[in-house]
>>> print(open('final.pdb').read())   # PDB, C-alpha atoms, pLDDT in the B column
ATOM      1  CA  MET O   1      71.850  51.440  92.373  1.00 62.00           C
ATOM      2  CA  CYS O   2      70.324  53.704  89.686  1.00 68.00           C
ATOM      3  CA  ARG O   3      71.910  51.991  86.694  1.00 78.00           C
ATOM      4  CA  ALA O   4      70.688  53.273  83.342  1.00 78.00           C
ATOM      5  CA  ALA O   5      69.291  49.830  82.447  1.00 84.00           C
ATOM      6  CA  ASP O   6      67.120  49.650  85.590  1.00 85.00           C
ATOM      7  CA  ARG O   7      63.433  50.441  85.471  1.00 88.00           C
ATOM      8  CA  ASP O   8      61.718  53.092  87.603  1.00 87.00           C
ATOM      9  CA  LEU O   9      60.227  50.219  89.595  1.00 88.00           C
ATOM     10  CA  ASP O  10      63.716  48.916  90.444  1.00 89.00           C
ATOM     11  CA  HIS O  11      64.785  52.373  91.611  1.00 88.00           C
ATOM     12  CA  ALA O  12      61.643  52.847  93.699  1.00 89.00           C
ATOM     13  CA  GLN O  13      62.047  49.461  95.386  1.00 90.00           C
ATOM     14  CA  TRP O  14      65.699  50.208  96.186  1.00 89.00           C
ATOM     15  CA  ILE O  15      64.795  53.612  97.684  1.00 87.00           C
ATOM     16  CA  LEU O  16      62.045  52.077  99.819  1.00 88.00           C
ATOM     17  CA  ILE O  17      64.281  49.213 100.990  1.00 87.00           C
ATOM     18  CA  GLN O  18      66.963  51.695 102.098  1.00 85.00           C
ATOM     19  CA  ALA O  19      64.432  53.929 103.876  1.00 82.00           C
ATOM     20  CA  SER O  20      62.833  50.941 105.629  1.00 82.00           C
ATOM     21  CA  ARG O  21      66.229  49.609 106.699  1.00 81.00           C
ATOM     22  CA  SER O  22      67.239  52.989 108.125  1.00 78.00           C
ATOM     23  CA  PHE O  23      63.945  53.305 109.987  1.00 74.00           C
ATOM     24  CA  ILE O  24      64.088  49.787 111.432  1.00 76.00           C
ATOM     25  CA  CYS O  25      67.756  50.076 112.418  1.00 78.00           C
ATOM     26  CA  GLY O  26      67.094  53.370 114.204  1.00 72.00           C
ATOM     27  CA  SER O  27      68.996  55.764 111.975  1.00 67.00           C
ATOM     28  CA  ASP O  28      68.927  59.359 113.205  1.00 69.00           C
ATOM     29  CA  ARG O  29      68.659  60.511 109.574  1.00 65.00           C
ATOM     30  CA  ILE O  30      64.988  59.581 109.141  1.00 63.00           C
ATOM     31  CA  ALA O  31      62.597  62.514 109.483  1.00 66.00           C
ATOM     32  CA  GLN O  32      59.093  62.004 110.804  1.00 67.00           C
ATOM     33  CA  PHE O  33      56.555  64.377 109.240  1.00 66.00           C
ATOM     34  CA  ASP O  34      53.056  65.113 110.483  1.00 69.00           C
ATOM     35  CA  ARG O  35      50.587  64.163 107.736  1.00 68.00           C
ATOM     36  CA  SER O  36      48.876  67.562 107.866  1.00 69.00           C
ATOM     37  CA  GLU O  37      52.106  69.396 106.992  1.00 74.00           C
ATOM     38  CA  TRP O  38      53.224  67.194 104.045  1.00 72.00           C
ATOM     39  CA  LYS O  39      53.342  68.919 100.667  1.00 77.00           C
ATOM     40  CA  LEU O  40      54.996  67.665  97.494  1.00 79.00           C
ATOM     41  CA  GLU O  41      55.935  70.257  94.897  1.00 85.00           C
ATOM     42  CA  PRO O  42      54.881  69.666  91.279  1.00 86.00           C
ATOM     43  CA  GLY O  43      57.372  67.714  89.218  1.00 87.00           C
ATOM     44  CA  GLY O  44      57.779  64.717  91.498  1.00 85.00           C
ATOM     45  CA  LYS O  45      57.516  61.146  90.310  1.00 88.00           C
ATOM     46  CA  ARG O  46      55.096  58.407  91.413  1.00 91.00           C
ATOM     47  CA  VAL O  47      55.917  54.745  90.936  1.00 92.00           C
ATOM     48  CA  ALA O  48      53.231  52.128  91.594  1.00 92.00           C
ATOM     49  CA  PHE O  49      54.461  48.740  92.824  1.00 91.00           C
ATOM     50  CA  GLY O  50      51.433  46.808  91.547  1.00 88.00           C
ATOM     51  CA  ALA O  51      51.296  44.903  94.849  1.00 88.00           C
ATOM     52  CA  ALA O  52      52.309  45.701  98.413  1.00 88.00           C
ATOM     53  CA  PHE O  53      56.068  46.193  98.786  1.00 87.00           C
ATOM     54  CA  CYS O  54      57.419  47.012 102.271  1.00 83.00           C
ATOM     55  CA  ASN O  55      53.770  47.644 103.224  1.00 82.00           C
ATOM     56  CA  ARG O  56      53.402  50.324 100.528  1.00 88.00           C
ATOM     57  CA  ASP O  57      51.635  50.289  97.171  1.00 90.00           C
ATOM     58  CA  HIS O  58      53.542  53.188  95.589  1.00 89.00           C
ATOM     59  CA  LEU O  59      56.397  55.628  96.166  1.00 89.00           C
ATOM     60  CA  TRP O  60      56.430  59.377  95.529  1.00 87.00           C
ATOM     61  CA  THR O  61      59.784  61.068  95.023  1.00 86.00           C
ATOM     62  CA  GLY O  62      60.481  64.761  94.615  1.00 83.00           C
ATOM     63  CA  THR O  63      60.895  67.932  96.618  1.00 78.00           C
TER      64      THR O  63
END
>>> encode(input="final.pdb", output="structure tokens")
Amino acid sequence: MCRAADRDLDHAQWILIQASRSFICGSDRIAQFDRSEWKLEPGGKRVAFGAAFCNRDHLWTGT
């Protein structure tokens, strides 16, 4: 995915589709994090979907 001509929204939707597929199919590579321990370092990126997409309204990426 991640073609130069794609928008951030296209990238975010692709990332979320792949994560949802892995979770639904039972991939052992999906980590489950307790909400109280989640921290995102500065410098990440937030993409808003504008409407619900895979039951989410936005996606944060980063470290």
>>> atom_distance(input="final.pdb", atom1="atom CA of O:Glu41", atom2="atom CA of O:Ala5")
27.4 Å
>>> atom_distance(input="final.pdb", atom1="atom CA of O:Phe23", atom2="atom CA of O:Gly62")
19.5 Å
>>> residues_around(input="final.pdb", residues="stretch 43-58 of chain O", least_positions_apart="2", cutoff="9 Å", atoms="only C-alpha atoms", output="CSV table (one decimal) with C-alpha atoms, in the frame of the given file")
chain,number,residue,atom,x,y,z
O,8,ASP,CA,61.7,53.1,87.6
O,9,LEU,CA,60.2,50.2,89.6
O,12,ALA,CA,61.6,52.8,93.7
O,13,GLN,CA,62.0,49.5,95.4
O,16,LEU,CA,62.0,52.1,99.8
O,17,ILE,CA,64.3,49.2,101.0
O,20,SER,CA,62.8,50.9,105.6
O,40,LEU,CA,55.0,67.7,97.5
O,41,GLU,CA,55.9,70.3,94.9
O,60,TRP,CA,56.4,59.4,95.5
O,61,THR,CA,59.8,61.1,95.0
O,62,GLY,CA,60.5,64.8,94.6
O,63,THR,CA,60.9,67.9,96.6
>>> atom_distance(input="final.pdb", atom1="atom CA of O:Leu59", atom2="atom CA of O:Ala4")
19.3 Å
>>> axis_aligned_box(input="final.pdb", around="stretch 52-57 of chain O", padding_each_side="4 Å", output="JSON")
{"center_x": 54.5, "center_y": 48.0, "center_z": 100.2, "size_x": 13.8, "size_y": 12.6, "size_z": 14.1}
>>> decode(input="final.pdb", residues="chain O", atoms="C-alpha atoms", output="short mmCIF file (atom, residue, chain, number, x, y, z; two decimals), in the first residue's frame")
data_model
loop_
_atom_site.label_atom_id
_atom_site.label_comp_id
_atom_site.auth_asym_id
_atom_site.auth_seq_id
_atom_site.Cartn_x
_atom_site.Cartn_y
_atom_site.Cartn_z
CA MET O 1 0.00 0.00 0.00
CA CYS O 2 1.60 3.36 0.90
CA ARG O 3 1.91 4.68 -2.65
CA ALA O 4 3.07 8.28 -2.88
CA ALA O 5 -0.19 9.31 -4.57
CA ASP O 6 -2.35 7.94 -1.73
CA ARG O 7 -3.78 10.21 0.92
CA ASP O 8 -3.21 9.80 4.66
CA LEU O 9 -6.81 8.61 4.87
CA ASP O 10 -6.08 5.78 2.41
CA HIS O 11 -3.06 4.71 4.45
CA ALA O 12 -4.99 4.83 7.73
CA GLN O 13 -7.85 2.76 6.32
CA TRP O 14 -5.40 0.16 4.97
CA ILE O 15 -3.62 -0.08 8.34
CA LEU O 16 -6.92 -0.49 10.19
CA ILE O 17 -8.20 -3.10 7.72
CA GLN O 18 -5.02 -5.16 8.16
CA ALA O 19 -5.14 -4.89 11.97
CA SER O 20 -8.84 -5.84 12.05
CA ARG O 21 -8.24 -8.80 9.74
CA SER O 22 -5.37 -10.06 11.90
CA PHE O 23 -7.46 -9.69 15.06
CA ILE O 24 -10.51 -11.44 13.60
CA CYS O 25 -8.46 -14.26 12.06
CA GLY O 26 -6.70 -14.89 15.37
CA SER O 27 -3.18 -13.80 14.51
CA ASP O 28 -0.70 -14.27 17.35
CA ARG O 29 0.97 -10.99 16.32
CA ILE O 30 -1.72 -8.71 17.77
CA ALA O 31 -0.85 -7.24 21.16
CA GLN O 32 -3.56 -6.43 23.66
CA PHE O 33 -2.73 -3.40 25.82
CA ASP O 34 -4.44 -2.35 29.03
CA ARG O 35 -5.88 1.14 28.53
CA SER O 36 -4.21 2.47 31.68
CA GLU O 37 -0.73 1.62 30.38
CA TRP O 38 -1.08 3.10 26.84
CA LYS O 39 1.20 6.03 26.06
CA LEU O 40 1.95 7.52 22.65
CA GLU O 41 5.18 9.47 22.30
CA PRO O 42 5.03 12.94 20.70
CA GLY O 43 5.43 12.95 16.95
CA GLY O 44 2.72 10.45 16.08
CA LYS O 45 0.07 11.07 13.47
CA ARG O 46 -3.73 11.14 13.86
CA VAL O 47 -6.02 10.56 10.91
CA ALA O 48 -9.76 11.17 11.30
CA PHE O 49 -12.04 9.00 9.15
CA GLY O 50 -14.94 11.48 9.16
CA ALA O 51 -17.36 8.59 9.81
CA ALA O 52 -17.06 5.22 11.53
CA PHE O 53 -14.65 2.88 9.74
CA CYS O 54 -14.13 -0.61 11.22
CA ASN O 55 -15.93 0.75 14.31
CA ARG O 56 -13.35 3.53 14.75
CA ASP O 57 -13.52 7.25 14.06
CA HIS O 58 -9.76 7.88 13.83
CA LEU O 59 -6.38 6.15 13.86
CA TRP O 60 -3.26 7.17 15.77
CA THR O 61 0.09 5.94 14.49
CA GLY O 62 3.49 6.39 16.08
CA THR O 63 5.71 4.96 18.78
#
